[in-house]
Amino acid sequence: MELFRPDAVWIEHSERNTALARTVLARHPGRVELFEGRPPIQPTTVRDGKRVLVLQRHRGAFLRHCPAGTSGLVCCNYLVINLASNCPMDCSYCFLQDYLADTPALTAYTNVEDALAEVDAVLRAHPERSFRIGSGELSDSLALDPLTDLSRLLVPFFAARRNAVLELKTKTDCVDTLLELDPAGRVVVSWSVNAAAVVARDEAGTASLAERLQAARRVQQGGYRVGFHFDPLVEFEGWEAGYAATIAAIADAVDPAAIAWISLGSLRLSAALAQAVRARPVPGHVLAAELVPGADGKARVWRGLRLRMYRVVAARLRAALGGVPLYLCMEPPAVWERVMDEVPSDRALGMRLAAGTAW
Ligand code: SF4
């Protein structure tokens, strides 16, 4: 895939000599500006915010609980570490279009050592627990790596910890730096995947499915465990064949024994996100589905279709890949029961995924 080249890099004046800023400057041949206080560039939409890169200090906590911890949904006790905000790619359904509407500029945080100190303190305070921590919540985990080289800090940090696994979640094939590092079993590189038709129409600027799976094969050969997220599953004419083809391609590309987990999730649209999706120049086809309001106020694919899609995709995954750990993302107990035949407690689900136990 084409590497991200920002039109300009804006650096907070006090952060210009940080390791991250120096690395980006050495790799970005174009326009660079300094600022104090708030960045003077004010993109009006999250899509506009993707054209420049802001480097600034993060003020506040880096680590937080995944929003799936909403009551009424089965939660896998996942923690997210936000090292960047916004993403250079442009998926039609991306929740950041709404979530970052007030702070749309693509931003990488310079005080990474503060983030790692925060993680270290949590891990030391709870040596009896196993944590799964991901950096792909408010951004893609690897899209900025060719500019920031952040994985060169993150992988050794987690490789040296005994009670945590880092998940790098991506739609890119930016894995070259990872291949120079030893994850020591503590880093899972995971790909959001979809039917090829959805990738082509709804995931602008991302690596193709073939490129993602080639990257998965490479990191697996480099000693990493891998993961896959079928999220969102999208209904379209021919969806069963489309998802079957993606599953077959995964089975061809990687060894199931090194798959840490696979999740299934469905479209979730707040009213503001639905409006943002409608306002896109090409709205994509995710809005073609029949959506109904869920308990959390977000519009979702109606439950009967969700159940059918989960069952079909889960059955195909089990047939192609054997007993890989499967889980549902942001679904209530009733859906778990009907797809997985059991409802795990949040703690049990988190522990089973951390241990890589088959579902
Ligand atoms: S790759 Fe992920 S974070 Fe980036 S636009 Fe797509 S859904 Fe959003």
# chains A, B, ... in the order shown; residues from 1 in each chain; ligands from 1
$ residues_near_ligand --ligand "ligand 1" --cutoff "9 Å" --atoms "only C-alpha atoms and all ligand atoms" --output "PyMOL selection string"
chain A and resi 47+85-97+136-141+143+169-172+192+202-206
$ select_by_dssp --residues "segment 95-200 of chain A" --states "alpha helix (DSSP H)" --output "number ranges by chain"
A: 96-99, 112-125, 145-148, 151-159, 196-200
$ write_last_selection --atoms "N, CA and C atoms" --output "mmCIF file, in the first residue's frame"
data_model
loop_
_atom_site.group_PDB
_atom_site.id
_atom_site.type_symbol
_atom_site.label_atom_id
_atom_site.label_comp_id
_atom_site.auth_asym_id
_atom_site.auth_seq_id
_atom_site.Cartn_x
_atom_site.Cartn_y
_atom_site.Cartn_z
ATOM 1 N N LEU A 96 -14.600 7.162 14.248
ATOM 2 C CA LEU A 96 -13.844 8.388 14.539
ATOM 3 C C LEU A 96 -14.474 9.606 13.865
ATOM 4 N N GLN A 97 -15.232 9.394 12.785
ATOM 5 C CA GLN A 97 -15.877 10.526 12.093
ATOM 6 C C GLN A 97 -16.792 11.298 13.034
ATOM 7 N N ASP A 98 -17.345 10.588 13.999
ATOM 8 C CA ASP A 98 -18.176 11.231 15.007
ATOM 9 C C ASP A 98 -17.360 11.482 16.281
ATOM 10 N N TYR A 99 -16.622 10.493 16.711
ATOM 11 C CA TYR A 99 -15.950 10.542 18.013
ATOM 12 C C TYR A 99 -14.921 11.679 18.080
ATOM 13 N N VAL A 112 5.792 9.560 24.726
ATOM 14 C CA VAL A 112 5.535 8.116 24.747
ATOM 15 C C VAL A 112 6.074 7.485 26.037
ATOM 16 N N GLU A 113 7.170 8.046 26.556
ATOM 17 C CA GLU A 113 7.735 7.472 27.799
ATOM 18 C C GLU A 113 6.750 7.610 28.959
ATOM 19 N N ASP A 114 5.941 8.668 28.949
ATOM 20 C CA ASP A 114 4.915 8.805 29.998
ATOM 21 C C ASP A 114 3.857 7.705 29.839
ATOM 22 N N ALA A 115 3.508 7.408 28.602
ATOM 23 C CA ALA A 115 2.518 6.353 28.356
ATOM 24 C C ALA A 115 3.047 5.016 28.863
ATOM 25 N N LEU A 116 4.303 4.735 28.561
ATOM 26 C CA LEU A 116 4.867 3.443 28.979
ATOM 27 C C LEU A 116 5.022 3.375 30.502
ATOM 28 N N ALA A 117 5.342 4.495 31.120
ATOM 29 C CA ALA A 117 5.437 4.519 32.597
ATOM 30 C C ALA A 117 4.066 4.228 33.206
ATOM 31 N N GLU A 118 3.018 4.761 32.574
ATOM 32 C CA GLU A 118 1.663 4.508 33.074
ATOM 33 C C GLU A 118 1.314 3.015 32.960
ATOM 34 N N VAL A 119 1.648 2.422 31.843
ATOM 35 C CA VAL A 119 1.388 0.981 31.668
ATOM 36 C C VAL A 119 2.188 0.191 32.698
ATOM 37 N N ASP A 120 3.445 0.541 32.840
ATOM 38 C CA ASP A 120 4.318 -0.180 33.768
ATOM 39 C C ASP A 120 3.751 -0.158 35.185
ATOM 40 N N ALA A 121 3.240 1.005 35.604
ATOM 41 C CA ALA A 121 2.691 1.128 36.964
ATOM 42 C C ALA A 121 1.482 0.210 37.147
ATOM 43 N N VAL A 122 0.630 0.137 36.141
ATOM 44 C CA VAL A 122 -0.559 -0.732 36.243
ATOM 45 C C VAL A 122 -0.145 -2.203 36.294
ATOM 46 N N LEU A 123 0.787 -2.589 35.435
ATOM 47 C CA LEU A 123 1.212 -3.995 35.404
ATOM 48 C C LEU A 123 1.880 -4.395 36.721
ATOM 49 N N ARG A 124 2.676 -3.492 37.286
ATOM 50 C CA ARG A 124 3.344 -3.806 38.556
ATOM 51 C C ARG A 124 2.353 -3.859 39.713
ATOM 52 N N ALA A 125 1.314 -3.048 39.642
ATOM 53 C CA ALA A 125 0.330 -3.014 40.735
ATOM 54 C C ALA A 125 -0.541 -4.273 40.753
ATOM 55 N N ASP A 145 3.598 4.166 11.699
ATOM 56 C CA ASP A 145 4.882 3.583 12.089
ATOM 57 C C ASP A 145 6.032 3.907 11.129
ATOM 58 N N PRO A 146 5.792 3.957 9.806
ATOM 59 C CA PRO A 146 6.904 4.320 8.923
ATOM 60 C C PRO A 146 7.430 5.727 9.210
ATOM 61 N N LEU A 147 6.618 6.594 9.828
ATOM 62 C CA LEU A 147 7.085 7.935 10.184
ATOM 63 C C LEU A 147 7.599 7.999 11.625
ATOM 64 N N THR A 148 6.920 7.331 12.546
ATOM 65 C CA THR A 148 7.252 7.483 13.978
ATOM 66 C C THR A 148 8.203 6.412 14.500
ATOM 67 N N SER A 151 6.922 1.319 16.970
ATOM 68 C CA SER A 151 6.962 -0.105 17.317
ATOM 69 C C SER A 151 8.338 -0.500 17.858
ATOM 70 N N ARG A 152 9.363 0.264 17.514
ATOM 71 C CA ARG A 152 10.698 -0.047 18.027
ATOM 72 C C ARG A 152 10.781 0.194 19.537
ATOM 73 N N LEU A 153 9.876 1.010 20.077
ATOM 74 C CA LEU A 153 9.792 1.200 21.537
ATOM 75 C C LEU A 153 8.797 0.210 22.153
ATOM 76 N N LEU A 154 7.651 0.062 21.482
ATOM 77 C CA LEU A 154 6.559 -0.710 22.084
ATOM 78 C C LEU A 154 6.882 -2.202 22.175
ATOM 79 N N VAL A 155 7.423 -2.768 21.122
ATOM 80 C CA VAL A 155 7.629 -4.229 21.114
ATOM 81 C C VAL A 155 8.621 -4.653 22.201
ATOM 82 N N PRO A 156 9.796 -4.043 22.322
ATOM 83 C CA PRO A 156 10.703 -4.461 23.412
ATOM 84 C C PRO A 156 10.106 -4.211 24.797
ATOM 85 N N PHE A 157 9.333 -3.128 24.935
ATOM 86 C CA PHE A 157 8.720 -2.834 26.241
ATOM 87 C C PHE A 157 7.803 -3.990 26.648
ATOM 88 N N PHE A 158 6.915 -4.404 25.756
ATOM 89 C CA PHE A 158 5.979 -5.480 26.113
ATOM 90 C C PHE A 158 6.675 -6.844 26.127
ATOM 91 N N ALA A 159 7.701 -7.018 25.294
ATOM 92 C CA ALA A 159 8.437 -8.290 25.291
ATOM 93 C C ALA A 159 9.070 -8.545 26.664
ATOM 94 N N ALA A 196 -13.954 -8.934 0.382
ATOM 95 C CA ALA A 196 -13.201 -8.080 -0.546
ATOM 96 C C ALA A 196 -14.064 -6.933 -1.072
ATOM 97 N N ALA A 197 -15.363 -7.169 -1.267
ATOM 98 C CA ALA A 197 -16.240 -6.110 -1.792
ATOM 99 C C ALA A 197 -16.342 -4.953 -0.800
ATOM 100 N N VAL A 198 -16.351 -5.264 0.488
ATOM 101 C CA VAL A 198 -16.434 -4.205 1.506
ATOM 102 C C VAL A 198 -15.104 -3.454 1.584
ATOM 103 N N VAL A 199 -14.002 -4.197 1.518
ATOM 104 C CA VAL A 199 -12.685 -3.545 1.528
ATOM 105 C C VAL A 199 -12.606 -2.555 0.369
ATOM 106 N N ALA A 200 -13.019 -2.990 -0.820
ATOM 107 C CA ALA A 200 -12.885 -2.140 -2.011
ATOM 108 C C ALA A 200 -13.780 -0.911 -1.937
#
$ atom_distance --atom1 "atom CA of His13 of chain A" --atom2 "atom CA of Thr44 of chain A"
23.2 Å
$ closest_residue --among "A:Arg306, A:Arg51, A:Arg201, A:His229" --to "Leu326 of chain A" --atoms "only C-alpha atoms"
A:His229
$ closest_residue --among "A:Asp7, A:Met330, A:Leu20, A:Gly238" --to "Arg300 of chain A" --atoms "only C-alpha atoms"
A:Met330
$ atom_distance --atom1 "atom CA of Arg217 of chain A" --atom2 "atom CA of Asp176 of chain A"
12.4 Å
$ residues_around --residues "segment 58-63 of chain A" --least-positions-apart "4" --cutoff "7 Å" --atoms "only C-alpha atoms" --output "NGL selection string"
:A and (79-82 or 109 or 111 or 115)
$ write_last_selection --atoms "C-alpha atoms" --output "PDB file, in the first residue's frame"
ATOM      1  CA  LEU A  79      -7.463  -1.817  27.835  1.00  0.00           C
ATOM      2  CA  VAL A  80      -6.636   0.761  25.191  1.00  0.00           C
ATOM      3  CA  ILE A  81      -3.554   2.947  25.091  1.00  0.00           C
ATOM      4  CA  ASN A  82      -4.053   6.044  22.980  1.00  0.00           C
ATOM      5  CA  TYR A 109       1.731  12.107  21.003  1.00  0.00           C
ATOM      6  CA  ASN A 111       5.574  11.842  25.436  1.00  0.00           C
ATOM      7  CA  ALA A 115       2.518   6.353  28.356  1.00  0.00           C
TER       8      ALA A 115
END
$ residues_around --residues "Gly304 of chain A" --least-positions-apart "4" --cutoff "12 Å" --atoms "only C-alpha atoms" --output "JSON, numbers by chain"
{"A": [290, 291, 292, 300, 308, 309, 310, 311, 334, 335, 338, 339]}
$ write_last_selection --atoms "N, CA and C atoms" --output "compact mmCIF listing (two decimals), in the first residue's frame"
# COMPACT_ATOMS: atom_id res chain seq x y z
N GLU A 290 -30.68 -2.82 6.90
CA GLU A 290 -31.82 -2.38 7.72
C GLU A 290 -31.34 -2.26 9.16
N LEU A 291 -31.36 -1.04 9.71
CA LEU A 291 -30.80 -0.81 11.04
C LEU A 291 -31.91 -0.48 12.03
N VAL A 292 -31.73 -0.97 13.27
CA VAL A 292 -32.72 -0.69 14.32
C VAL A 292 -31.97 -0.18 15.55
N ARG A 300 -28.23 -0.56 14.87
CA ARG A 300 -27.54 -1.82 14.56
C ARG A 300 -28.33 -2.60 13.54
N ARG A 308 -27.67 -14.58 12.36
CA ARG A 308 -27.40 -15.44 11.20
C ARG A 308 -25.98 -15.22 10.67
N MET A 309 -25.59 -13.96 10.57
CA MET A 309 -24.24 -13.68 10.04
C MET A 309 -23.17 -14.22 10.99
N TYR A 310 -23.36 -14.00 12.30
CA TYR A 310 -22.37 -14.52 13.26
C TYR A 310 -22.25 -16.04 13.16
N ARG A 311 -23.41 -16.71 13.09
CA ARG A 311 -23.37 -18.18 13.08
C ARG A 311 -22.68 -18.69 11.81
N ALA A 334 -27.56 -12.31 25.50
CA ALA A 334 -28.51 -13.11 24.73
C ALA A 334 -27.95 -13.48 23.37
N VAL A 335 -27.17 -12.59 22.77
CA VAL A 335 -26.57 -12.90 21.47
C VAL A 335 -25.44 -13.91 21.64
N ARG A 338 -26.79 -17.42 21.99
CA ARG A 338 -27.36 -18.05 20.80
C ARG A 338 -26.31 -18.30 19.71
N VAL A 339 -25.17 -17.64 19.83
CA VAL A 339 -24.12 -17.89 18.83
C VAL A 339 -23.05 -18.82 19.38
$ residues_around --residues "segment 23-29 of chain A" --least-positions-apart "5" --cutoff "12 Å" --atoms "only C-alpha atoms" --output "VMD selection string"
chain A and resid 3 to 11 15 to 18 34 52 to 55 108 to 110 144 to 150 152
$ decode --residues "segment 140-158 of chain A" --atoms "N, CA, C and O atoms" --output "mmCIF file, in the first residue's frame"
data_model
loop_
_atom_site.group_PDB
_atom_site.id
_atom_site.type_symbol
_atom_site.label_atom_id
_atom_site.label_comp_id
_atom_site.auth_asym_id
_atom_site.auth_seq_id
_atom_site.Cartn_x
_atom_site.Cartn_y
_atom_site.Cartn_z
ATOM 1 N N ASP A 140 -5.062 3.804 13.834
ATOM 2 C CA ASP A 140 -4.558 2.501 13.404
ATOM 3 C C ASP A 140 -3.198 2.309 14.082
ATOM 4 O O ASP A 140 -2.389 3.236 14.153
ATOM 5 N N SER A 141 -2.936 1.099 14.576
ATOM 6 C CA SER A 141 -1.697 0.889 15.351
ATOM 7 C C SER A 141 -0.425 1.035 14.527
ATOM 8 O O SER A 141 0.629 1.327 15.081
ATOM 9 N N LEU A 142 -0.491 0.803 13.211
ATOM 10 C CA LEU A 142 0.758 0.775 12.422
ATOM 11 C C LEU A 142 0.820 1.802 11.292
ATOM 12 O O LEU A 142 1.853 1.948 10.656
ATOM 13 N N ALA A 143 -0.283 2.524 11.032
ATOM 14 C CA ALA A 143 -0.301 3.420 9.863
ATOM 15 C C ALA A 143 0.769 4.510 9.944
ATOM 16 O O ALA A 143 1.302 4.946 8.922
ATOM 17 N N LEU A 144 1.083 4.960 11.160
ATOM 18 C CA LEU A 144 2.077 6.029 11.297
ATOM 19 C C LEU A 144 3.478 5.475 11.563
ATOM 20 O O LEU A 144 4.439 6.236 11.657
ATOM 21 N N ASP A 145 3.598 4.166 11.699
ATOM 22 C CA ASP A 145 4.882 3.583 12.089
ATOM 23 C C ASP A 145 6.032 3.907 11.129
ATOM 24 O O ASP A 145 7.154 4.135 11.588
ATOM 25 N N PRO A 146 5.792 3.957 9.806
ATOM 26 C CA PRO A 146 6.904 4.320 8.923
ATOM 27 C C PRO A 146 7.430 5.727 9.210
ATOM 28 O O PRO A 146 8.581 6.042 8.878
ATOM 29 N N LEU A 147 6.618 6.594 9.828
ATOM 30 C CA LEU A 147 7.085 7.935 10.184
ATOM 31 C C LEU A 147 7.599 7.999 11.625
ATOM 32 O O LEU A 147 8.591 8.669 11.908
ATOM 33 N N THR A 148 6.920 7.331 12.546
ATOM 34 C CA THR A 148 7.252 7.483 13.978
ATOM 35 C C THR A 148 8.203 6.412 14.500
ATOM 36 O O THR A 148 8.871 6.617 15.507
ATOM 37 N N ASP A 149 8.207 5.247 13.875
ATOM 38 C CA ASP A 149 9.030 4.113 14.327
ATOM 39 C C ASP A 149 8.675 3.689 15.763
ATOM 40 O O ASP A 149 9.501 3.132 16.477
ATOM 41 N N LEU A 150 7.433 3.937 16.144
ATOM 42 C CA LEU A 150 7.022 3.689 17.530
ATOM 43 C C LEU A 150 7.118 2.216 17.926
ATOM 44 O O LEU A 150 7.375 1.884 19.087
ATOM 45 N N SER A 151 6.922 1.319 16.970
ATOM 46 C CA SER A 151 6.962 -0.105 17.317
ATOM 47 C C SER A 151 8.338 -0.500 17.858
ATOM 48 O O SER A 151 8.448 -1.460 18.609
ATOM 49 N N ARG A 152 9.363 0.264 17.514
ATOM 50 C CA ARG A 152 10.698 -0.047 18.027
ATOM 51 C C ARG A 152 10.781 0.194 19.537
ATOM 52 O O ARG A 152 11.668 -0.318 20.223
ATOM 53 N N LEU A 153 9.876 1.010 20.077
ATOM 54 C CA LEU A 153 9.792 1.200 21.537
ATOM 55 C C LEU A 153 8.797 0.210 22.153
ATOM 56 O O LEU A 153 9.051 -0.369 23.207
ATOM 57 N N LEU A 154 7.651 0.062 21.482
ATOM 58 C CA LEU A 154 6.559 -0.710 22.084
ATOM 59 C C LEU A 154 6.882 -2.202 22.175
ATOM 60 O O LEU A 154 6.600 -2.845 23.197
ATOM 61 N N VAL A 155 7.423 -2.768 21.122
ATOM 62 C CA VAL A 155 7.629 -4.229 21.114
ATOM 63 C C VAL A 155 8.621 -4.653 22.201
ATOM 64 O O VAL A 155 8.307 -5.553 23.000
ATOM 65 N N PRO A 156 9.796 -4.043 22.322
ATOM 66 C CA PRO A 156 10.703 -4.461 23.412
ATOM 67 C C PRO A 156 10.106 -4.211 24.797
ATOM 68 O O PRO A 156 10.330 -5.004 25.720
ATOM 69 N N PHE A 157 9.333 -3.128 24.935
ATOM 70 C CA PHE A 157 8.720 -2.834 26.241
ATOM 71 C C PHE A 157 7.803 -3.990 26.648
ATOM 72 O O PHE A 157 7.890 -4.511 27.757
ATOM 73 N N PHE A 158 6.915 -4.404 25.756
ATOM 74 C CA PHE A 158 5.979 -5.480 26.113
ATOM 75 C C PHE A 158 6.675 -6.844 26.127
ATOM 76 O O PHE A 158 6.292 -7.723 26.907
#
